[in-house]
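Peer 1: Dropping in protein-v1.tsv, with TSV, N, CA and C atoms.
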```tsv
chain	number	residue	atom	x	y	z
A	1	MET	N	-5.51	6.31	-16.55
A	1	MET	CA	-5.19	5.18	-15.70
A	1	MET	C	-5.29	5.58	-14.23
A	2	LEU	N	-4.70	6.71	-13.85
A	2	LEU	CA	-4.76	7.14	-12.46
A	2	LEU	C	-5.73	8.28	-12.29
A	3	LYS	N	-6.84	8.21	-12.99
A	3	LYS	CA	-7.81	9.29	-12.86
A	3	LYS	C	-8.54	9.19	-11.53
A	4	LYS	N	-8.98	10.34	-11.05
A	4	LYS	CA	-9.69	10.39	-9.78
A	4	LYS	C	-10.94	9.53	-9.87
A	5	GLY	N	-11.15	8.75	-8.84
A	5	GLY	CA	-12.30	7.86	-8.80
A	5	GLY	C	-11.94	6.40	-8.97
A	6	SER	N	-10.72	6.13	-9.43
A	6	SER	CA	-10.34	4.73	-9.60
A	6	SER	C	-9.67	4.22	-8.32
A	7	LYS	N	-9.85	2.96	-8.06
A	7	LYS	CA	-9.22	2.33	-6.90
A	7	LYS	C	-7.70	2.40	-7.03
A	8	LEU	N	-7.19	2.23	-8.24
A	8	LEU	CA	-5.76	2.25	-8.45
A	8	LEU	C	-5.16	3.61	-8.08
A	9	ASN	N	-5.87	4.69	-8.35
A	9	ASN	CA	-5.42	6.02	-7.96
A	9	ASN	C	-5.28	6.11	-6.44
A	10	SER	N	-6.28	5.66	-5.72
A	10	SER	CA	-6.25	5.71	-4.27
A	10	SER	C	-5.17	4.81	-3.69
A	11	ILE	N	-4.98	3.65	-4.28
A	11	ILE	CA	-3.98	2.70	-3.78
A	11	ILE	C	-2.57	3.22	-4.00
A	12	LEU	N	-2.27	3.70	-5.18
A	12	LEU	CA	-0.91	4.12	-5.48
A	12	LEU	C	-0.54	5.47	-4.88
A	13	THR	N	-1.52	6.35	-4.69
A	13	THR	CA	-1.22	7.68	-4.13
A	13	THR	C	-1.43	7.73	-2.62
A	14	GLY	N	-2.13	6.77	-2.05
A	14	GLY	CA	-2.39	6.77	-0.62
A	14	GLY	C	-3.42	7.81	-0.22
A	15	SER	N	-4.27	8.17	-1.17
A	15	SER	CA	-5.29	9.19	-0.88
A	15	SER	C	-6.54	8.54	-0.28
A	16	CYS	N	-7.37	9.37	0.32
A	16	CYS	CA	-8.61	8.92	0.94
A	16	CYS	C	-9.42	8.11	-0.08
A	17	PRO	N	-9.86	6.91	0.26
A	17	PRO	CA	-10.60	6.10	-0.71
A	17	PRO	C	-11.99	6.64	-1.02
A	18	LYS	N	-12.55	7.45	-0.14
A	18	LYS	CA	-13.91	7.95	-0.36
A	18	LYS	C	-13.94	9.20	-1.24
A	19	CYS	N	-13.06	10.18	-0.98
A	19	CYS	CA	-13.08	11.42	-1.76
A	19	CYS	C	-11.84	11.61	-2.62
A	20	GLN	N	-10.75	10.94	-2.29
A	20	GLN	CA	-9.48	11.01	-3.00
A	20	GLN	C	-8.95	12.44	-3.12
A	21	ASN	N	-9.18	13.24	-2.08
A	21	ASN	CA	-8.71	14.62	-2.10
A	21	ASN	C	-7.48	14.86	-1.23
A	22	GLU	N	-7.17	14.00	-0.30
A	22	GLU	CA	-5.99	14.21	0.54
A	22	GLU	C	-5.38	12.88	0.91
A	23	SER	N	-4.12	12.94	1.33
A	23	SER	CA	-3.39	11.74	1.73
A	23	SER	C	-3.90	11.21	3.07
A	24	MET	N	-3.91	9.91	3.21
A	24	MET	CA	-4.29	9.30	4.48
A	24	MET	C	-3.16	9.39	5.49
A	25	TYR	N	-1.94	9.63	5.03
A	25	TYR	CA	-0.76	9.56	5.88
A	25	TYR	C	-0.31	10.94	6.32
A	26	VAL	N	0.26	11.01	7.52
A	26	VAL	CA	0.78	12.26	8.06
A	26	VAL	C	1.93	12.76	7.18
A	27	ASP	N	2.83	11.85	6.82
A	27	ASP	CA	3.97	12.17	5.96
A	27	ASP	C	3.79	11.41	4.65
A	28	LYS	N	3.75	12.13	3.53
A	28	LYS	CA	3.51	11.47	2.24
A	28	LYS	C	4.70	10.63	1.78
A	29	ASN	N	5.88	10.89	2.34
A	29	ASN	CA	7.09	10.18	1.92
A	29	ASN	C	7.20	8.84	2.63
A	30	PRO	N	7.06	7.72	1.91
A	30	PRO	CA	7.15	6.42	2.57
A	30	PRO	C	8.57	6.06	3.00
A	31	LEU	N	9.57	6.79	2.52
A	31	LEU	CA	10.95	6.50	2.90
A	31	LEU	C	11.33	7.11	4.23
A	32	ASN	N	10.46	7.92	4.81
A	32	ASN	CA	10.67	8.43	6.16
A	32	ASN	C	10.16	7.35	7.12
A	33	LEU	N	11.05	6.45	7.48
A	33	LEU	CA	10.65	5.24	8.20
A	33	LEU	C	10.05	5.50	9.57
A	34	ALA	N	10.37	6.63	10.17
A	34	ALA	CA	9.81	6.96	11.48
A	34	ALA	C	8.31	7.22	11.39
A	35	ASN	N	7.85	7.67	10.24
A	35	ASN	CA	6.44	8.02	10.06
A	35	ASN	C	5.75	7.19	8.99
A	36	VAL	N	6.32	6.06	8.62
A	36	VAL	CA	5.78	5.31	7.48
A	36	VAL	C	4.34	4.85	7.71
A	37	LEU	N	3.97	4.54	8.94
A	37	LEU	CA	2.61	4.05	9.20
A	37	LEU	C	1.73	5.05	9.96
A	38	LYS	N	2.23	6.24	10.21
A	38	LYS	CA	1.42	7.23	10.93
A	38	LYS	C	0.37	7.79	9.99
A	39	MET	N	-0.89	7.59	10.38
A	39	MET	CA	-2.01	8.01	9.55
A	39	MET	C	-2.80	9.11	10.26
A	40	ASN	N	-3.45	9.94	9.46
A	40	ASN	CA	-4.39	10.89	10.02
A	40	ASN	C	-5.57	10.10	10.57
A	41	GLU	N	-6.25	10.64	11.58
A	41	GLU	CA	-7.42	9.95	12.12
A	41	GLU	C	-8.58	9.97	11.14
A	42	LYS	N	-8.81	11.15	10.55
A	42	LYS	CA	-9.93	11.33	9.63
A	42	LYS	C	-9.48	12.12	8.42
A	43	CYS	N	-10.25	12.01	7.36
A	43	CYS	CA	-10.05	12.84	6.19
A	43	CYS	C	-10.65	14.21	6.49
A	44	SER	N	-9.88	15.25	6.30
A	44	SER	CA	-10.39	16.59	6.60
A	44	SER	C	-11.40	17.06	5.57
A	45	HIS	N	-11.46	16.40	4.42
A	45	HIS	CA	-12.40	16.80	3.38
A	45	HIS	C	-13.76	16.12	3.52
A	46	CYS	N	-13.76	14.80	3.68
A	46	CYS	CA	-15.04	14.07	3.73
A	46	CYS	C	-15.37	13.52	5.11
A	47	GLY	N	-14.41	13.53	6.03
A	47	GLY	CA	-14.67	13.07	7.39
A	47	GLY	C	-14.58	11.56	7.58
A	48	LEU	N	-14.11	10.82	6.59
A	48	LEU	CA	-13.99	9.37	6.71
A	48	LEU	C	-12.97	9.03	7.80
A	49	THR	N	-13.36	8.20	8.75
A	49	THR	CA	-12.44	7.70	9.77
A	49	THR	C	-11.69	6.52	9.18
A	50	TYR	N	-10.37	6.62	9.12
A	50	TYR	CA	-9.57	5.58	8.49
A	50	TYR	C	-9.52	4.29	9.31
A	51	GLN	N	-9.45	4.42	10.62
A	51	GLN	CA	-9.46	3.25	11.49
A	51	GLN	C	-10.93	2.86	11.68
A	52	ILE	N	-11.48	2.10	10.75
A	52	ILE	CA	-12.90	1.79	10.71
A	52	ILE	C	-13.36	1.08	11.98
A	53	GLU	N	-12.53	0.21	12.50
A	53	GLU	CA	-12.82	-0.47	13.77
A	53	GLU	C	-11.48	-0.72	14.46
A	54	PRO	N	-11.49	-1.04	15.75
A	54	PRO	CA	-10.21	-1.30	16.43
A	54	PRO	C	-9.43	-2.41	15.73
A	55	SER	N	-8.16	-2.20	15.57
A	55	SER	CA	-7.26	-3.17	14.93
A	55	SER	C	-7.64	-3.45	13.48
A	56	PHE	N	-8.24	-2.49	12.81
A	56	PHE	CA	-8.70	-2.69	11.44
A	56	PHE	C	-7.57	-3.10	10.50
A	57	PHE	N	-6.42	-2.48	10.63
A	57	PHE	CA	-5.35	-2.71	9.67
A	57	PHE	C	-4.55	-3.99	9.94
A	58	TYR	N	-4.93	-4.78	10.94
A	58	TYR	CA	-4.28	-6.08	11.09
A	58	TYR	C	-4.56	-6.96	9.87
A	59	GLY	N	-5.68	-6.77	9.25
A	59	GLY	CA	-5.99	-7.53	8.03
A	59	GLY	C	-5.07	-7.21	6.88
A	60	ALA	N	-4.43	-6.04	6.93
A	60	ALA	CA	-3.50	-5.65	5.87
A	60	ALA	C	-2.25	-6.53	5.87
A	61	MET	N	-2.02	-7.24	6.98
A	61	MET	CA	-0.87	-8.16	7.01
A	61	MET	C	-1.03	-9.27	5.97
A	62	TYR	N	-2.24	-9.72	5.74
A	62	TYR	CA	-2.48	-10.76	4.74
A	62	TYR	C	-2.23	-10.21	3.34
A	63	VAL	N	-2.63	-8.98	3.12
A	63	VAL	CA	-2.37	-8.34	1.82
A	63	VAL	C	-0.86	-8.17	1.64
A	64	SER	N	-0.17	-7.76	2.71
A	64	SER	CA	1.28	-7.58	2.66
A	64	SER	C	1.98	-8.90	2.33
A	65	TYR	N	1.52	-9.97	2.92
A	65	TYR	CA	2.09	-11.29	2.63
A	65	TYR	C	1.96	-11.60	1.15
A	66	GLY	N	0.78	-11.40	0.59
A	66	GLY	CA	0.56	-11.66	-0.83
A	66	GLY	C	1.43	-10.79	-1.72
A	67	LEU	N	1.55	-9.52	-1.39
A	67	LEU	CA	2.41	-8.61	-2.16
A	67	LEU	C	3.86	-9.06	-2.10
A	68	ASN	N	4.33	-9.44	-0.92
A	68	ASN	CA	5.72	-9.87	-0.78
A	68	ASN	C	6.00	-11.16	-1.53
A	69	VAL	N	5.05	-12.08	-1.54
A	69	VAL	CA	5.22	-13.32	-2.30
A	69	VAL	C	5.30	-13.00	-3.80
A	70	GLY	N	4.40	-12.13	-4.27
A	70	GLY	CA	4.43	-11.74	-5.69
A	70	GLY	C	5.72	-11.04	-6.08
A	71	ILE	N	6.18	-10.13	-5.23
A	71	ILE	CA	7.43	-9.42	-5.51
A	71	ILE	C	8.61	-10.39	-5.49
A	72	GLY	N	8.61	-11.33	-4.54
A	72	GLY	CA	9.68	-12.32	-4.47
A	72	GLY	C	9.72	-13.21	-5.70
A	73	ILE	N	8.56	-13.63	-6.17
A	73	ILE	CA	8.50	-14.46	-7.39
A	73	ILE	C	8.97	-13.66	-8.59
A	74	ALA	N	8.55	-12.40	-8.69
A	74	ALA	CA	8.97	-11.56	-9.81
A	74	ALA	C	10.49	-11.34	-9.78
A	75	ALA	N	11.06	-11.11	-8.60
A	75	ALA	CA	12.51	-10.92	-8.48
A	75	ALA	C	13.25	-12.20	-8.87
A	76	PHE	N	12.71	-13.35	-8.50
A	76	PHE	CA	13.33	-14.62	-8.87
A	76	PHE	C	13.30	-14.81	-10.39
A	77	ILE	N	12.15	-14.55	-10.99
A	77	ILE	CA	12.02	-14.74	-12.44
A	77	ILE	C	12.99	-13.83	-13.18
A	78	VAL	N	13.08	-12.58	-12.75
A	78	VAL	CA	13.98	-11.64	-13.42
A	78	VAL	C	15.43	-12.06	-13.23
A	79	SER	N	15.84	-12.38	-12.02
A	79	SER	CA	17.25	-12.68	-11.78
A	79	SER	C	17.67	-14.06	-12.29
A	80	TYR	N	16.87	-15.07	-12.00
A	80	TYR	CA	17.28	-16.44	-12.33
A	80	TYR	C	16.97	-16.82	-13.78
A	81	LEU	N	15.78	-16.51	-14.23
A	81	LEU	CA	15.39	-16.94	-15.57
A	81	LEU	C	15.82	-15.98	-16.67
A	82	LEU	N	15.79	-14.68	-16.41
A	82	LEU	CA	16.17	-13.73	-17.45
A	82	LEU	C	17.68	-13.46	-17.48
A	83	PHE	N	18.29	-13.32	-16.31
A	83	PHE	CA	19.72	-13.02	-16.25
A	83	PHE	C	20.58	-14.25	-16.00
A	84	HIS	N	19.95	-15.42	-15.81
A	84	HIS	CA	20.64	-16.70	-15.64
A	84	HIS	C	21.69	-16.66	-14.52
A	85	THR	N	21.29	-16.12	-13.37
A	85	THR	CA	22.18	-16.09	-12.21
A	85	THR	C	22.07	-17.42	-11.47
A	86	SER	N	22.96	-17.63	-10.51
A	86	SER	CA	22.88	-18.84	-9.69
A	86	SER	C	21.72	-18.71	-8.71
A	87	LEU	N	21.35	-19.83	-8.10
A	87	LEU	CA	20.26	-19.80	-7.12
A	87	LEU	C	20.63	-18.95	-5.91
A	88	LYS	N	21.89	-18.99	-5.51
A	88	LYS	CA	22.35	-18.19	-4.38
A	88	LYS	C	22.20	-16.69	-4.69
A	89	THR	N	22.60	-16.29	-5.88
A	89	THR	CA	22.47	-14.89	-6.29
A	89	THR	C	21.01	-14.50	-6.41
A	90	ALA	N	20.18	-15.38	-6.94
A	90	ALA	CA	18.75	-15.10	-7.06
A	90	ALA	C	18.13	-14.90	-5.67
A	91	PHE	N	18.55	-15.71	-4.71
A	91	PHE	CA	18.05	-15.56	-3.34
A	91	PHE	C	18.46	-14.21	-2.76
A	92	ILE	N	19.68	-13.80	-2.99
A	92	ILE	CA	20.16	-12.51	-2.51
A	92	ILE	C	19.38	-11.37	-3.17
A	93	VAL	N	19.08	-11.51	-4.45
A	93	VAL	CA	18.29	-10.50	-5.17
A	93	VAL	C	16.88	-10.41	-4.59
A	94	ILE	N	16.28	-11.54	-4.27
A	94	ILE	CA	14.93	-11.54	-3.67
A	94	ILE	C	14.96	-10.81	-2.33
A	95	ILE	N	15.91	-11.13	-1.48
A	95	ILE	CA	16.01	-10.49	-0.16
A	95	ILE	C	16.25	-8.99	-0.31
A	96	ALA	N	17.16	-8.60	-1.19
A	96	ALA	CA	17.46	-7.18	-1.39
A	96	ALA	C	16.24	-6.42	-1.92
A	97	THR	N	15.52	-7.02	-2.84
A	97	THR	CA	14.32	-6.39	-3.39
A	97	THR	C	13.26	-6.20	-2.32
A	98	LEU	N	13.05	-7.21	-1.49
A	98	LEU	CA	12.06	-7.10	-0.43
A	98	LEU	C	12.44	-6.06	0.62
A	99	VAL	N	13.72	-5.95	0.93
A	99	VAL	CA	14.18	-4.96	1.90
A	99	VAL	C	14.01	-3.55	1.35
A	100	VAL	N	14.37	-3.35	0.09
A	100	VAL	CA	14.25	-2.02	-0.52
A	100	VAL	C	12.79	-1.60	-0.64
A	101	LEU	N	11.91	-2.52	-0.98
A	101	LEU	CA	10.49	-2.18	-1.19
A	101	LEU	C	9.65	-2.26	0.08
A	102	PHE	N	10.27	-2.59	1.22
A	102	PHE	CA	9.55	-2.75	2.47
A	102	PHE	C	8.62	-1.59	2.82
A	103	PRO	N	9.07	-0.32	2.83
A	103	PRO	CA	8.16	0.77	3.21
A	103	PRO	C	7.01	0.95	2.22
A	104	PHE	N	7.28	0.69	0.95
A	104	PHE	CA	6.23	0.81	-0.06
A	104	PHE	C	5.18	-0.28	0.11
A	105	VAL	N	5.61	-1.51	0.38
A	105	VAL	CA	4.69	-2.62	0.58
A	105	VAL	C	3.82	-2.39	1.82
A	106	LEU	N	4.41	-1.82	2.87
A	106	LEU	CA	3.62	-1.50	4.07
A	106	LEU	C	2.44	-0.59	3.71
A	107	ARG	N	2.74	0.46	2.98
A	107	ARG	CA	1.68	1.41	2.62
A	107	ARG	C	0.73	0.83	1.59
A	108	TRP	N	1.26	0.17	0.58
A	108	TRP	CA	0.38	-0.41	-0.44
A	108	TRP	C	-0.60	-1.40	0.16
A	109	SER	N	-0.13	-2.21	1.12
A	109	SER	CA	-1.02	-3.20	1.73
A	109	SER	C	-2.15	-2.51	2.50
A	110	ARG	N	-1.84	-1.44	3.23
A	110	ARG	CA	-2.89	-0.70	3.93
A	110	ARG	C	-3.84	-0.04	2.94
A	111	ASN	N	-3.28	0.52	1.88
A	111	ASN	CA	-4.12	1.18	0.87
A	111	ASN	C	-5.05	0.18	0.19
A	112	ILE	N	-4.53	-0.97	-0.16
A	112	ILE	CA	-5.37	-2.00	-0.80
A	112	ILE	C	-6.44	-2.47	0.17
A	113	TYR	N	-6.06	-2.69	1.42
A	113	TYR	CA	-7.01	-3.21	2.40
A	113	TYR	C	-8.17	-2.25	2.65
A	114	ILE	N	-7.89	-0.96	2.84
A	114	ILE	CA	-8.99	-0.03	3.10
A	114	ILE	C	-9.83	0.17	1.84
A	115	ASN	N	-9.23	0.05	0.66
A	115	ASN	CA	-9.99	0.18	-0.57
A	115	ASN	C	-10.88	-1.03	-0.85
A	116	MET	N	-10.66	-2.12	-0.13
A	116	MET	CA	-11.55	-3.27	-0.25
A	116	MET	C	-12.89	-3.00	0.43
A	117	PHE	N	-12.89	-2.06	1.38
A	117	PHE	CA	-14.09	-1.81	2.19
A	117	PHE	C	-14.73	-0.45	1.93
A	118	VAL	N	-13.99	0.50	1.38
A	118	VAL	CA	-14.51	1.84	1.16
A	118	VAL	C	-14.39	2.16	-0.32
A	119	SER	N	-15.48	2.65	-0.92
A	119	SER	CA	-15.48	2.99	-2.33
A	119	SER	C	-15.54	4.49	-2.54
A	120	TYR	N	-15.08	4.91	-3.69
A	120	TYR	CA	-15.11	6.32	-4.08
A	120	TYR	C	-16.55	6.77	-4.23
A	121	ASP	N	-16.86	7.96	-3.72
A	121	ASP	CA	-18.21	8.51	-3.80
A	121	ASP	C	-18.15	9.89	-4.45
A	122	PRO	N	-18.38	9.98	-5.77
A	122	PRO	CA	-18.28	11.28	-6.46
A	122	PRO	C	-19.40	12.25	-6.06
A	123	GLU	N	-20.48	11.74	-5.54
A	123	GLU	CA	-21.62	12.58	-5.17
A	123	GLU	C	-21.53	13.10	-3.76
A	124	PHE	N	-20.47	12.73	-3.02
A	124	PHE	CA	-20.38	13.13	-1.61
A	124	PHE	C	-20.18	14.64	-1.49
A	125	LYS	N	-20.98	15.26	-0.67
A	125	LYS	CA	-20.85	16.68	-0.35
A	125	LYS	C	-20.64	16.78	1.15
A	126	LYS	N	-19.65	17.55	1.55
A	126	LYS	CA	-19.35	17.69	2.98
A	126	LYS	C	-20.45	18.43	3.70
```
Would it be possible to restate this file's structure as structure tokens?

Peer 2:
Amino acid sequence: MLKKGSKLNSILTGSCPKCQNESMYVDKNPLNLANVLKMNEKCSHCGLTYQIEPSFFYGAMYVSYGLNVGIGIAAFIVSYLLFHTSLKTAFIVIIATLVVLFPFVLRWSRNIYINMFVSYDPEFKK
């Protein structure tokens, strides 16, 4: 499932989408909020520049919106329909889930966005 070469591997691990040999981020820990969005300029293995064009990752905001809507709907279904909580409690569960997953969604949205434009290249030689 997470074998090298799959988009899912690059998205979930935050590795370079072209070679998948190193992390795109300066700090691999997304819970270090001071460095959650600090990225390396280039991949030291394949030389891919992550900032493909100026303001490239502004498009990741749309991906982030979609992820947050999906997570909010999933939290509502779990809390309200499965556990039969009140609407007020379900709303609190949605907010708490989104706050807890905030750093992960930030990174996942960037990872998904760059993987929409860059594909894995197994034949690449430095």

Peer 1: Which neighbours of Phe76 in chain A fall inside 7 Å, counting all atoms listed in the file, when residues of the same chain fewer than 3 positions from it are skipped, and could you give them as a VMD selection string?

Peer 2: chain A and resid 71 to 73 79 to 82 90 to 91 93 to 94

Peer 1: Print the selection's residues with N, CA and C atoms to a file, as a PDB file, in the coordinates of the input.

Peer 2:
```pdb
ATOM      1  N   ILE A  71       6.180 -10.130  -5.230  1.00  0.00           N
ATOM      2  CA  ILE A  71       7.430  -9.420  -5.510  1.00  0.00           C
ATOM      3  C   ILE A  71       8.610 -10.390  -5.490  1.00  0.00           C
ATOM      4  N   GLY A  72       8.610 -11.330  -4.540  1.00  0.00           N
ATOM      5  CA  GLY A  72       9.680 -12.320  -4.470  1.00  0.00           C
ATOM      6  C   GLY A  72       9.720 -13.210  -5.700  1.00  0.00           C
ATOM      7  N   ILE A  73       8.560 -13.630  -6.170  1.00  0.00           N
ATOM      8  CA  ILE A  73       8.500 -14.460  -7.390  1.00  0.00           C
ATOM      9  C   ILE A  73       8.970 -13.660  -8.590  1.00  0.00           C
ATOM     10  N   SER A  79      15.840 -12.380 -12.020  1.00  0.00           N
ATOM     11  CA  SER A  79      17.250 -12.680 -11.780  1.00  0.00           C
ATOM     12  C   SER A  79      17.670 -14.060 -12.290  1.00  0.00           C
ATOM     13  N   TYR A  80      16.870 -15.070 -12.000  1.00  0.00           N
ATOM     14  CA  TYR A  80      17.280 -16.440 -12.330  1.00  0.00           C
ATOM     15  C   TYR A  80      16.970 -16.820 -13.780  1.00  0.00           C
ATOM     16  N   LEU A  81      15.780 -16.510 -14.230  1.00  0.00           N
ATOM     17  CA  LEU A  81      15.390 -16.940 -15.570  1.00  0.00           C
ATOM     18  C   LEU A  81      15.820 -15.980 -16.670  1.00  0.00           C
ATOM     19  N   LEU A  82      15.790 -14.680 -16.410  1.00  0.00           N
ATOM     20  CA  LEU A  82      16.170 -13.730 -17.450  1.00  0.00           C
ATOM     21  C   LEU A  82      17.680 -13.460 -17.480  1.00  0.00           C
ATOM     22  N   ALA A  90      20.180 -15.380  -6.940  1.00  0.00           N
ATOM     23  CA  ALA A  90      18.750 -15.100  -7.060  1.00  0.00           C
ATOM     24  C   ALA A  90      18.130 -14.900  -5.670  1.00  0.00           C
ATOM     25  N   PHE A  91      18.550 -15.710  -4.710  1.00  0.00           N
ATOM     26  CA  PHE A  91      18.050 -15.560  -3.340  1.00  0.00           C
ATOM     27  C   PHE A  91      18.460 -14.210  -2.760  1.00  0.00           C
ATOM     28  N   VAL A  93      19.080 -11.510  -4.450  1.00  0.00           N
ATOM     29  CA  VAL A  93      18.290 -10.500  -5.170  1.00  0.00           C
ATOM     30  C   VAL A  93      16.880 -10.410  -4.590  1.00  0.00           C
ATOM     31  N   ILE A  94      16.280 -11.540  -4.270  1.00  0.00           N
ATOM     32  CA  ILE A  94      14.930 -11.540  -3.670  1.00  0.00           C
ATOM     33  C   ILE A  94      14.960 -10.810  -2.330  1.00  0.00           C
TER      34      ILE A  94
END
```

Peer 1: Name the closest residue to Asn32 in chain A among the candidates A:Pro54, A:Gly59, A:Pro103, A:Gly47; distances are taken between atoms, counting only N, CA and C atoms.

Peer 2: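 Closest to Asn32 in chain A, using only N, CA and C atoms: A:Pro103.
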
Peer 1: Would you mind listing what lies within 10 Å of Val118 in chain A as a list in words, with only C-alpha atoms counted and same-chain residues fewer than 6 positions away left out?

Peer 2: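 My reading of the contact set: Lys7, Cys16, Pro17, Lys18, Leu48, Tyr50 and Ile52 of chain A.
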
Peer 1: At what distance in Å, to one decimal, does atom N of Leu37 in chain A lie from atom C of Tyr65 in chain A?

Peer 2: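 Answer for the atom C of Tyr65 in chain A to atom N of Leu37 in chain A separation: 18.0 Å.
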
Peer 1: Taking all atoms listed in the file into account, which of A:Ala75, A:Met39, A:Gly14, A:Gln51 comes nearest Val26 in chain A?

Peer 2: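 Ranking A:Ala75, A:Met39, A:Gly14, A:Gln51 by distance to Val26 in chain A, first place goes to A:Met39.
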
Peer 1: Between range 56-88 of chain A and range 107-116 of chain A, at 8 Å or less, what are the per-residue closest atom pairs and their distances in Å? Count all atoms listed in the file, order by chain and rising residue number, and return it as CSV.

Peer 2:
```
residue,atom,partner,partner_atom,distance
A:Phe56,C,A:Tyr113,C,7.9
A:Phe57,CA,A:Arg110,CA,6.6
A:Gly59,C,A:Tyr113,CA,6.3
A:Ala60,CA,A:Ser109,C,4.8
A:Met61,N,A:Ser109,C,6.5
A:Tyr62,C,A:Ser109,CA,7.3
A:Val63,C,A:Ser109,CA,5.0
A:Ser64,N,A:Ser109,CA,4.7
A:Tyr65,N,A:Ser109,CA,7.3
A:Leu67,CA,A:Ser109,CA,7.5
```

Peer 1: So which one's closest to Glu123 in chain A, A:Gly70, A:Cys19, A:Ile11, A:Lys4? Using only C-alpha atoms, please.

Peer 2: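 Closest to Glu123 in chain A of all the choices is A:Cys19.
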
Peer 1: Provide the atom N of Tyr58 in chain A to atom C of Ser15 in chain A distance in Å, to one decimal place.

Peer 2: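 Distance reported for this atom pair: 17.5 Å.
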
Peer 1: Using DSSP on the backbone coordinates, identify all residues within chain A classified as helix (DSSP H, G or I); present the result as number ranges by chain.

Peer 2: A: 7-13, 33-35, 56-82, 87-117

Peer 1: What does the distance between CA of Pro30 in chain A and atom N of Phe104 in chain A come to in Å, to one decimal place?

Peer 2: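 Rounded to one decimal, the two atoms are 6.0 Å apart.
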
Peer 1: Show me, as a PDB file with N, CA and C atoms, in the frame of the given file, the residues that have an atom within 7 Å of His45 in chain A when counting only N, CA and C atoms, minus same-chain residues fewer than 2 positions from it.

Peer 2:
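In the end it all went to around26.pdb:
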```pdb
ATOM      1  N   ASN A  21      -9.180  13.240  -2.080  1.00  0.00           N
ATOM      2  CA  ASN A  21      -8.710  14.620  -2.100  1.00  0.00           C
ATOM      3  C   ASN A  21      -7.480  14.860  -1.230  1.00  0.00           C
ATOM      4  N   GLU A  22      -7.170  14.000  -0.300  1.00  0.00           N
ATOM      5  CA  GLU A  22      -5.990  14.210   0.540  1.00  0.00           C
ATOM      6  C   GLU A  22      -5.380  12.880   0.910  1.00  0.00           C
ATOM      7  N   LYS A  42      -8.810  11.150  10.550  1.00  0.00           N
ATOM      8  CA  LYS A  42      -9.930  11.330   9.630  1.00  0.00           C
ATOM      9  C   LYS A  42      -9.480  12.120   8.420  1.00  0.00           C
ATOM     10  N   CYS A  43     -10.250  12.010   7.360  1.00  0.00           N
ATOM     11  CA  CYS A  43     -10.050  12.840   6.190  1.00  0.00           C
ATOM     12  C   CYS A  43     -10.650  14.210   6.490  1.00  0.00           C
ATOM     13  N   GLY A  47     -14.410  13.530   6.030  1.00  0.00           N
ATOM     14  CA  GLY A  47     -14.670  13.070   7.390  1.00  0.00           C
ATOM     15  C   GLY A  47     -14.580  11.560   7.580  1.00  0.00           C
ATOM     16  N   LEU A  48     -14.110  10.820   6.590  1.00  0.00           N
ATOM     17  CA  LEU A  48     -13.990   9.370   6.710  1.00  0.00           C
ATOM     18  C   LEU A  48     -12.970   9.030   7.800  1.00  0.00           C
ATOM     19  N   LYS A 126     -19.650  17.550   1.550  1.00  0.00           N
ATOM     20  CA  LYS A 126     -19.350  17.690   2.980  1.00  0.00           C
ATOM     21  C   LYS A 126     -20.450  18.430   3.700  1.00  0.00           C
TER      22      LYS A 126
END
```

Peer 1: With only N, CA and C atoms as the basis for distance, which of A:Leu12, A:Ile77, A:Leu2, A:Val36 is at the shortest distance from Leu106 in chain A?

Peer 2: A:Val36

Peer 1: Restricting the calculation to all atoms listed in the file, which member of A:Phe102, A:Ile92, A:Lys28, A:Val78 is positioned closest to Thr13 in chain A?

Peer 2: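 Selected residue with least distance to Thr13 in chain A: A:Lys28.
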
Peer 1: DSSP on the backbone: which residues in chain A end up as strand (DSSP E or B)? Give the answer as a list in words.

Peer 2: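 Taking chain A and keeping strand (DSSP E or B) only, one gets Ser15, Ser23, Tyr25, Met39, Lys42 and Thr49 of chain A.
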